[in-house]
>>> print(open('data19.cif').read())   # mmCIF, C-alpha atoms and all ligand atoms
data_work
#
loop_
_atom_site.label_atom_id
_atom_site.label_comp_id
_atom_site.auth_asym_id
_atom_site.auth_seq_id
_atom_site.Cartn_x
_atom_site.Cartn_y
_atom_site.Cartn_z
CA MET A 9 25.77 -20.32 10.30
CA ARG A 10 23.47 -18.89 12.95
CA LYS A 11 20.87 -16.48 11.59
CA PRO A 12 20.93 -13.22 13.56
CA ILE A 13 17.87 -12.46 15.65
CA ILE A 14 17.05 -8.89 16.69
CA ALA A 15 14.20 -8.35 19.12
CA GLY A 16 12.64 -5.15 20.42
CA ASN A 17 11.65 -5.20 24.08
CA TRP A 18 9.09 -2.44 24.34
CA LYS A 19 8.85 -2.81 28.13
CA LEU A 20 5.93 -0.92 29.73
CA ASN A 21 5.24 1.32 26.74
CA ASN A 22 2.70 1.84 23.96
CA THR A 23 -1.07 1.80 24.06
CA SER A 24 -2.86 -0.08 21.33
CA LYS A 25 -2.94 2.95 19.02
CA GLU A 26 0.76 3.68 19.54
CA ALA A 27 1.70 0.04 19.10
CA ILE A 28 -0.23 -0.25 15.85
CA GLU A 29 1.40 2.93 14.52
CA LEU A 30 4.85 1.63 15.36
CA VAL A 31 4.45 -1.85 13.87
CA THR A 32 2.80 -0.44 10.76
CA LEU A 33 5.97 1.59 10.14
CA LEU A 34 8.21 -1.39 10.94
CA LYS A 35 6.24 -3.61 8.61
CA ARG A 36 6.66 -1.09 5.79
CA ASN A 37 10.35 -0.44 6.35
CA LEU A 38 11.55 -3.96 7.12
CA SER A 39 9.66 -5.95 4.50
CA ASP A 40 12.84 -6.48 2.45
CA VAL A 41 14.83 -8.04 5.33
CA SER A 42 15.44 -11.75 5.07
CA LYS A 43 18.92 -12.08 6.64
CA VAL A 44 17.73 -11.35 10.17
CA ASP A 45 14.91 -12.77 12.29
CA ILE A 46 12.98 -9.77 13.63
CA VAL A 47 10.79 -9.83 16.75
CA VAL A 48 8.82 -7.19 18.64
CA CYS A 49 7.73 -7.73 22.24
CA PRO A 50 4.90 -5.38 23.29
CA VAL A 51 2.86 -5.44 26.50
CA PHE A 52 0.29 -8.26 26.85
CA THR A 53 -2.73 -6.05 26.21
CA VAL A 54 -1.72 -5.17 22.66
CA LEU A 55 -0.39 -8.56 21.52
CA MET A 56 -3.51 -9.42 19.53
CA ASP A 57 -3.75 -6.02 17.85
CA VAL A 58 -0.07 -6.13 16.92
CA ASN A 59 -0.46 -9.69 15.68
CA ASP A 60 -3.21 -8.55 13.31
CA VAL A 61 -0.87 -5.98 11.76
CA LEU A 62 2.02 -8.44 11.55
CA ALA A 63 0.09 -11.32 9.96
CA ASN A 64 2.00 -12.73 6.96
CA THR A 65 5.02 -10.48 7.49
CA ASN A 66 8.65 -11.23 8.32
CA ILE A 67 8.29 -9.77 11.83
CA GLY A 68 7.71 -12.13 14.75
CA LEU A 69 5.81 -11.37 17.93
CA GLY A 70 6.81 -12.03 21.53
CA ALA A 71 5.49 -11.43 25.04
CA GLN A 72 7.67 -10.04 27.83
CA ASN A 73 6.90 -12.61 30.53
CA LEU A 74 4.62 -15.53 31.39
CA TYR A 75 3.51 -17.62 34.34
CA TRP A 76 4.38 -21.32 34.43
CA GLU A 77 0.92 -22.73 35.23
CA ASP A 78 -1.53 -22.99 32.33
CA ASN A 79 -4.51 -21.69 34.34
CA GLY A 80 -5.96 -21.56 37.85
CA ALA A 81 -6.10 -19.26 40.86
CA PHE A 82 -3.18 -17.00 39.95
CA THR A 83 -4.73 -13.54 39.78
CA GLY A 84 -2.96 -11.15 37.45
CA GLU A 85 -0.83 -13.72 35.66
CA ILE A 86 -0.77 -14.76 31.99
CA SER A 87 0.08 -18.28 30.85
CA ALA A 88 1.86 -19.79 27.85
CA PRO A 89 -1.34 -21.08 26.15
CA MET A 90 -2.84 -17.58 26.49
CA ILE A 91 0.22 -15.98 24.92
CA LYS A 92 0.15 -18.59 22.17
CA ASP A 93 -3.51 -17.75 21.63
CA THR A 94 -2.60 -14.13 20.76
CA GLY A 95 -0.50 -15.35 17.84
CA ALA A 96 2.86 -14.71 19.53
CA GLN A 97 5.74 -17.11 18.88
CA TYR A 98 8.31 -15.84 21.41
CA VAL A 99 8.49 -14.89 25.06
CA ILE A 100 11.18 -13.02 26.99
CA ILE A 101 11.98 -14.79 30.25
CA GLY A 102 14.08 -13.62 33.20
CA HIS A 103 14.69 -10.04 32.06
CA SER A 104 16.82 -8.25 34.66
CA GLU A 105 13.96 -5.85 35.40
CA ARG A 106 11.82 -8.85 36.35
CA ARG A 107 14.65 -10.26 38.46
CA GLN A 108 15.22 -6.87 40.12
CA PHE A 109 11.64 -5.64 40.67
CA PHE A 110 9.49 -8.78 40.63
CA GLY A 111 11.54 -11.40 42.44
CA GLU A 112 12.34 -13.57 39.43
CA THR A 113 14.99 -16.21 40.24
CA ASN A 114 16.88 -18.79 38.20
CA GLU A 115 14.41 -21.35 39.52
CA THR A 116 11.33 -19.45 38.34
CA VAL A 117 13.05 -18.76 35.04
CA ASN A 118 13.62 -22.50 34.61
CA LYS A 119 9.92 -23.22 35.27
CA LYS A 120 8.87 -20.51 32.84
CA ILE A 121 11.15 -21.85 30.10
CA LYS A 122 9.57 -25.29 30.58
CA ALA A 123 6.07 -23.82 30.28
CA ALA A 124 7.00 -21.84 27.16
CA LEU A 125 8.51 -24.87 25.43
CA LYS A 126 5.57 -27.08 26.38
CA HIS A 127 3.31 -24.74 24.42
CA GLY A 128 5.62 -24.14 21.47
CA LEU A 129 6.82 -20.66 22.38
CA ILE A 130 10.47 -19.77 21.76
CA PRO A 131 12.05 -18.50 25.00
CA ILE A 132 14.40 -15.53 24.91
CA VAL A 133 16.18 -16.09 28.21
CA CYS A 134 18.06 -13.19 29.79
CA VAL A 135 21.17 -13.46 31.92
CA GLY A 136 23.61 -10.78 33.02
CA GLU A 137 25.63 -9.37 35.89
CA VAL A 138 25.06 -6.15 37.83
CA LEU A 139 27.76 -3.47 38.07
CA ALA A 140 29.02 -4.49 41.52
CA GLU A 141 29.46 -8.06 40.31
CA ARG A 142 31.44 -6.95 37.27
CA GLU A 143 33.58 -4.60 39.33
CA SER A 144 34.40 -7.31 41.84
CA GLY A 145 35.40 -9.76 39.12
CA LYS A 146 32.39 -12.03 39.59
CA THR A 147 30.87 -11.77 36.10
CA PHE A 148 31.68 -15.33 35.02
CA ASP A 149 30.57 -16.82 38.36
CA VAL A 150 27.22 -15.02 38.12
CA ILE A 151 26.66 -16.00 34.50
CA LYS A 152 27.58 -19.61 35.27
CA GLU A 153 25.14 -19.78 38.17
CA GLN A 154 22.38 -18.20 36.09
CA CYS A 155 22.92 -20.50 33.10
CA GLN A 156 23.17 -23.62 35.24
CA GLY A 157 20.00 -22.68 37.10
CA CYS A 158 17.99 -21.59 34.06
CA PHE A 159 19.05 -24.18 31.48
CA GLN A 160 18.90 -27.41 33.42
CA GLY A 161 16.69 -30.32 32.48
CA PHE A 162 15.98 -29.78 28.79
CA SER A 163 16.21 -32.15 25.86
CA GLU A 164 18.74 -31.52 23.10
CA GLU A 165 15.94 -30.47 20.73
CA GLU A 166 14.54 -28.04 23.29
CA MET A 167 17.96 -26.48 23.84
CA LYS A 168 18.49 -25.95 20.12
CA GLY A 169 15.40 -23.73 19.94
CA MET A 170 16.44 -21.54 22.87
CA VAL A 171 17.53 -17.92 22.42
CA VAL A 172 19.82 -16.53 25.11
CA ALA A 173 20.22 -12.80 25.74
CA TYR A 174 23.35 -11.66 27.54
CA GLU A 175 22.39 -8.35 29.09
CA PRO A 176 24.90 -6.78 31.47
CA VAL A 177 22.53 -4.99 33.84
CA TRP A 178 24.82 -1.97 34.09
CA ALA A 179 24.37 -1.41 30.36
CA ILE A 180 20.57 -1.58 30.25
CA GLY A 181 18.94 1.79 29.68
CA THR A 182 22.08 3.57 30.87
CA GLY A 183 23.62 4.52 27.54
CA LYS A 184 26.72 2.52 28.60
CA THR A 185 27.32 -0.36 26.23
CA ALA A 186 29.68 -3.23 26.87
CA THR A 187 32.52 -2.99 24.37
CA PRO A 188 32.27 -5.58 21.59
CA GLN A 189 35.25 -7.35 23.23
CA GLN A 190 33.63 -7.38 26.69
CA ALA A 191 30.41 -8.75 25.20
CA GLN A 192 32.19 -11.34 23.04
CA GLU A 193 34.13 -12.61 26.07
CA VAL A 194 30.90 -13.36 27.94
CA HIS A 195 29.08 -14.72 24.88
CA LYS A 196 31.93 -17.18 24.30
CA PHE A 197 31.86 -18.11 27.98
CA ILE A 198 28.10 -18.82 27.75
CA ARG A 199 28.53 -20.89 24.58
CA ASP A 200 31.37 -22.92 26.10
CA LEU A 201 29.33 -23.47 29.24
CA LEU A 202 26.31 -24.67 27.21
CA ALA A 203 28.68 -27.01 25.36
CA LYS A 204 29.73 -28.49 28.71
CA MET A 205 26.14 -28.70 29.97
CA TYR A 206 24.85 -30.20 26.70
CA THR A 207 27.03 -30.73 23.62
CA ARG A 208 29.23 -28.60 21.40
CA GLU A 209 26.83 -29.20 18.51
CA ILE A 210 23.92 -27.79 20.54
CA ALA A 211 25.94 -24.84 21.83
CA ASP A 212 26.93 -23.99 18.27
CA VAL A 213 23.33 -23.59 17.09
CA ILE A 214 22.00 -21.60 20.06
CA ARG A 215 21.67 -17.93 19.26
CA ILE A 216 23.04 -15.54 21.86
CA GLN A 217 21.86 -11.94 21.67
CA TYR A 218 23.56 -8.99 23.29
CA GLY A 219 21.40 -6.45 25.11
CA GLY A 220 22.33 -3.18 26.80
CA SER A 221 22.01 0.22 25.13
CA VAL A 222 22.21 -1.19 21.60
CA LYS A 223 21.90 1.65 19.10
CA ALA A 224 22.23 2.14 15.36
CA ASP A 225 25.80 3.35 15.87
CA ASN A 226 27.10 0.40 17.90
CA ILE A 227 25.24 -2.60 16.46
CA LYS A 228 27.67 -3.22 13.61
CA ASP A 229 30.72 -3.55 15.85
CA LEU A 230 28.82 -5.79 18.24
CA MET A 231 27.59 -8.00 15.40
CA SER A 232 31.12 -8.38 14.04
CA GLN A 233 31.98 -10.57 17.04
CA ALA A 234 32.01 -14.32 16.48
CA ASP A 235 29.56 -15.28 19.24
CA ILE A 236 27.14 -12.34 19.05
CA ASP A 237 24.10 -13.49 17.09
CA GLY A 238 21.77 -10.54 17.42
CA ALA A 239 20.45 -8.06 19.92
CA LEU A 240 17.71 -7.51 22.46
CA VAL A 241 16.94 -3.82 22.15
CA GLY A 242 15.01 -1.74 24.68
CA GLY A 243 14.89 2.05 24.27
CA ALA A 244 15.97 2.11 20.63
CA SER A 245 13.18 -0.30 19.64
CA LEU A 246 10.50 2.25 20.52
CA LYS A 247 11.15 4.42 17.47
CA SER A 248 10.77 2.98 14.00
CA ASP A 249 13.79 4.82 12.57
CA SER A 250 16.27 3.57 15.14
CA PHE A 251 14.96 -0.01 15.22
CA VAL A 252 14.98 -0.23 11.41
CA LYS A 253 18.62 0.95 11.33
CA ILE A 254 19.59 -1.61 13.96
CA VAL A 255 17.89 -4.47 12.12
CA LYS A 256 19.59 -3.39 8.87
CA PHE A 257 23.03 -3.29 10.53
CA TYR A 258 24.56 -5.22 7.61
CA GLU A 259 23.89 -2.47 5.02
C1 LIG B 301 16.38 -4.31 27.39
O1 LIG B 301 15.31 -3.82 27.73
O2 LIG B 301 16.49 -5.56 27.35
C2 LIG B 301 17.48 -3.42 27.04
C3 LIG B 301 18.62 -3.94 26.67
O3 LIG B 301 17.23 -2.07 27.11
P1 LIG B 301 18.12 -0.89 26.47
O4 LIG B 301 18.39 -1.28 25.03
O5 LIG B 301 17.27 0.33 26.58
O6 LIG B 301 19.39 -0.81 27.24
#
>>> encode(input="data19.cif", output="structure tokens")
Amino acid sequence: MRKPIIAGNWKLNNTSKEAIELVTLLKRNLSDVSKVDIVVCPVFTVLMDVNDVLANTNIGLGAQNLYWEDNGAFTGEISAPMIKDTGAQYVIIGHSERRQFFGETNETVNKKIKAALKHGLIPIVCVGEVLAERESGKTFDVIKEQCQGCFQGFSEEEMKGMVVAYEPVWAIGTGKTATPQQAQEVHKFIRDLLAKMYTREIADVIRIQYGGSVKADNIKDLMSQADIDGALVGGASLKSDSFVKIVKFYE
């Protein structure tokens, strides 16, 4: 049985004060949850403050990006050892906004996953097609290319710790969600592909989250699908009430 994992991607939001207020509420309202792994991913500048609030709780902490070198002349970047130093355990890699606005490619995603694993961070690796690709019937080709590019060259143990997020780009921040059936179809495709690239045993333990306008009123149907193991939540993770309802989808 794969334990569900629900992560909040706060994107470019929340000052230190706002972040502390939000996680203080989450900590209070989610303390009884043991069936779901919970993660919040704030901006770099508040990671340490949020980590202080989350110490000894059931809520994990993640960054939203990293650079693959540990240190050096790379102005403006943040490395895996630095993220680790904040207390974070996770890092989102290859989010579609990074692919779209910051030139992230499958190759850079692959390097970033390697850097994260080298320093003991759990990568949450995003893949997903844009609307034109879905409408022209290219979804599976795009997902295959992304997975083959991102997930090559890892050991079996490394693969087992990976979290994959399937995020159809047309559903991110648009209010349009993939139907549970549409999402399940791609999740199964990803799992079968990982089984071909590695082994069935590995593919069966990798958790695949769905992301794209997940809300309290659609999470249950999404989670009822066999290959959907959690969610990466953007907008609805910025308010305690909605994120708490999403995490407690099983109630
Ligand atoms: C995301 O940021 O990964 C995301 C899925 O955003 P939203 O839930 O707002 O669509």
>>> residues_near_ligand(input="data19.cif", ligand="ligand LIG 301 (chain B)", cutoff="7 Å", atoms="all atoms listed in the file", output="list in words")
Asn17, Lys19, His103, Glu175, Ala179, Ile180, Gly181, Thr182, Gly183, Gly219, Gly220, Ser221, Val222, Leu240, Val241, Gly242, Gly243 and Ala244 of chain A
>>> atom_distance(input="data19.cif", atom1="CA of Phe257 (chain A)", atom2="CA of Lys228 (chain A)")
5.6 Å
>>> atom_distance(input="data19.cif", atom1="CA of Ile214 (chain A)", atom2="CA of Trp76 (chain A)")
22.7 Å
>>> atom_distance(input="data19.cif", atom1="CA of Leu30 (chain A)", atom2="CA of Val135 (chain A)")
27.7 Å
>>> residues_around(input="data19.cif", residues="Ser24 (chain A)", least_positions_apart="4", cutoff="9 Å", atoms="only C-alpha atoms", output="list of chain:residue names")
A:Ile28, A:Glu29, A:Thr53, A:Val54, A:Leu55, A:Asp57, A:Val58
>>> residues_around(input="data19.cif", residues="Arg199 (chain A)", least_positions_apart="6", cutoff="9 Å", atoms="all atoms listed in the file", output="list of chain:residue names")
A:Arg208, A:Ala211, A:Asp212, A:Ile214, A:Ile216, A:Asp235
>>> decode(input="data19.cif", residues="region 40-62 of chain A", atoms="N, CA and C atoms", output="PDB file, in the first residue's frame")
ATOM      1  N   ASP A  40      -3.699  15.467  14.087  1.00  0.00           N
ATOM      2  CA  ASP A  40      -4.257  14.113  14.248  1.00  0.00           C
ATOM      3  C   ASP A  40      -4.122  13.258  12.986  1.00  0.00           C
ATOM      4  N   VAL A  41      -3.494  13.776  11.942  1.00  0.00           N
ATOM      5  CA  VAL A  41      -3.414  13.024  10.678  1.00  0.00           C
ATOM      6  C   VAL A  41      -2.196  12.105  10.678  1.00  0.00           C
ATOM      7  N   SER A  42      -2.445  10.822  10.487  1.00  0.00           N
ATOM      8  CA  SER A  42      -1.306   9.909  10.374  1.00  0.00           C
ATOM      9  C   SER A  42      -1.367   9.088   9.085  1.00  0.00           C
ATOM     10  N   LYS A  43      -2.516   9.146   8.385  1.00  0.00           N
ATOM     11  CA  LYS A  43      -2.708   8.331   7.179  1.00  0.00           C
ATOM     12  C   LYS A  43      -2.084   8.945   5.942  1.00  0.00           C
ATOM     13  N   VAL A  44      -1.702  10.228   6.048  1.00  0.00           N
ATOM     14  CA  VAL A  44      -1.231  10.955   4.869  1.00  0.00           C
ATOM     15  C   VAL A  44       0.092  11.635   5.212  1.00  0.00           C
ATOM     16  N   ASP A  45       1.068  11.571   4.321  1.00  0.00           N
ATOM     17  CA  ASP A  45       2.266  12.392   4.493  1.00  0.00           C
ATOM     18  C   ASP A  45       1.921  13.805   4.025  1.00  0.00           C
ATOM     19  N   ILE A  46       2.218  14.782   4.855  1.00  0.00           N
ATOM     20  CA  ILE A  46       1.862  16.180   4.553  1.00  0.00           C
ATOM     21  C   ILE A  46       3.157  16.972   4.366  1.00  0.00           C
ATOM     22  N   VAL A  47       3.177  17.829   3.349  1.00  0.00           N
ATOM     23  CA  VAL A  47       4.374  18.642   3.078  1.00  0.00           C
ATOM     24  C   VAL A  47       3.936  20.053   2.707  1.00  0.00           C
ATOM     25  N   VAL A  48       4.670  21.058   3.184  1.00  0.00           N
ATOM     26  CA  VAL A  48       4.447  22.413   2.665  1.00  0.00           C
ATOM     27  C   VAL A  48       5.745  22.906   2.022  1.00  0.00           C
ATOM     28  N   CYS A  49       5.594  23.625   0.919  1.00  0.00           N
ATOM     29  CA  CYS A  49       6.763  24.097   0.168  1.00  0.00           C
ATOM     30  C   CYS A  49       6.704  25.621   0.019  1.00  0.00           C
ATOM     31  N   PRO A  50       7.262  26.341   0.987  1.00  0.00           N
ATOM     32  CA  PRO A  50       7.273  27.811   0.914  1.00  0.00           C
ATOM     33  C   PRO A  50       8.451  28.322   0.076  1.00  0.00           C
ATOM     34  N   VAL A  51       8.561  29.641  -0.024  1.00  0.00           N
ATOM     35  CA  VAL A  51       9.723  30.230  -0.711  1.00  0.00           C
ATOM     36  C   VAL A  51      10.983  30.018   0.156  1.00  0.00           C
ATOM     37  N   PHE A  52      12.150  30.078  -0.501  1.00  0.00           N
ATOM     38  CA  PHE A  52      13.413  29.805   0.203  1.00  0.00           C
ATOM     39  C   PHE A  52      13.589  30.630   1.478  1.00  0.00           C
ATOM     40  N   THR A  53      13.218  31.929   1.382  1.00  0.00           N
ATOM     41  CA  THR A  53      13.552  32.851   2.469  1.00  0.00           C
ATOM     42  C   THR A  53      12.845  32.554   3.788  1.00  0.00           C
ATOM     43  N   VAL A  54      11.780  31.761   3.730  1.00  0.00           N
ATOM     44  CA  VAL A  54      11.065  31.474   4.983  1.00  0.00           C
ATOM     45  C   VAL A  54      11.234  30.023   5.424  1.00  0.00           C
ATOM     46  N   LEU A  55      12.060  29.263   4.719  1.00  0.00           N
ATOM     47  CA  LEU A  55      12.189  27.833   5.054  1.00  0.00           C
ATOM     48  C   LEU A  55      12.587  27.628   6.523  1.00  0.00           C
ATOM     49  N   MET A  56      13.573  28.402   6.976  1.00  0.00           N
ATOM     50  CA  MET A  56      14.042  28.187   8.350  1.00  0.00           C
ATOM     51  C   MET A  56      12.974  28.551   9.380  1.00  0.00           C
ATOM     52  N   ASP A  57      12.294  29.663   9.140  1.00  0.00           N
ATOM     53  CA  ASP A  57      11.238  30.080  10.077  1.00  0.00           C
ATOM     54  C   ASP A  57      10.125  29.035  10.131  1.00  0.00           C
ATOM     55  N   VAL A  58       9.753  28.543   8.956  1.00  0.00           N
ATOM     56  CA  VAL A  58       8.680  27.541   8.908  1.00  0.00           C
ATOM     57  C   VAL A  58       9.160  26.254   9.564  1.00  0.00           C
ATOM     58  N   ASN A  59      10.415  25.922   9.348  1.00  0.00           N
ATOM     59  CA  ASN A  59      10.961  24.708   9.970  1.00  0.00           C
ATOM     60  C   ASN A  59      10.891  24.789  11.495  1.00  0.00           C
ATOM     61  N   ASP A  60      11.142  25.973  12.036  1.00  0.00           N
ATOM     62  CA  ASP A  60      11.064  26.130  13.497  1.00  0.00           C
ATOM     63  C   ASP A  60       9.655  25.808  14.002  1.00  0.00           C
ATOM     64  N   VAL A  61       8.647  26.272  13.270  1.00  0.00           N
ATOM     65  CA  VAL A  61       7.264  26.020  13.696  1.00  0.00           C
ATOM     66  C   VAL A  61       6.920  24.536  13.545  1.00  0.00           C
ATOM     67  N   LEU A  62       7.477  23.920  12.499  1.00  0.00           N
ATOM     68  CA  LEU A  62       7.090  22.527  12.204  1.00  0.00           C
ATOM     69  C   LEU A  62       7.909  21.476  12.943  1.00  0.00           C
TER      70      LEU A  62
END
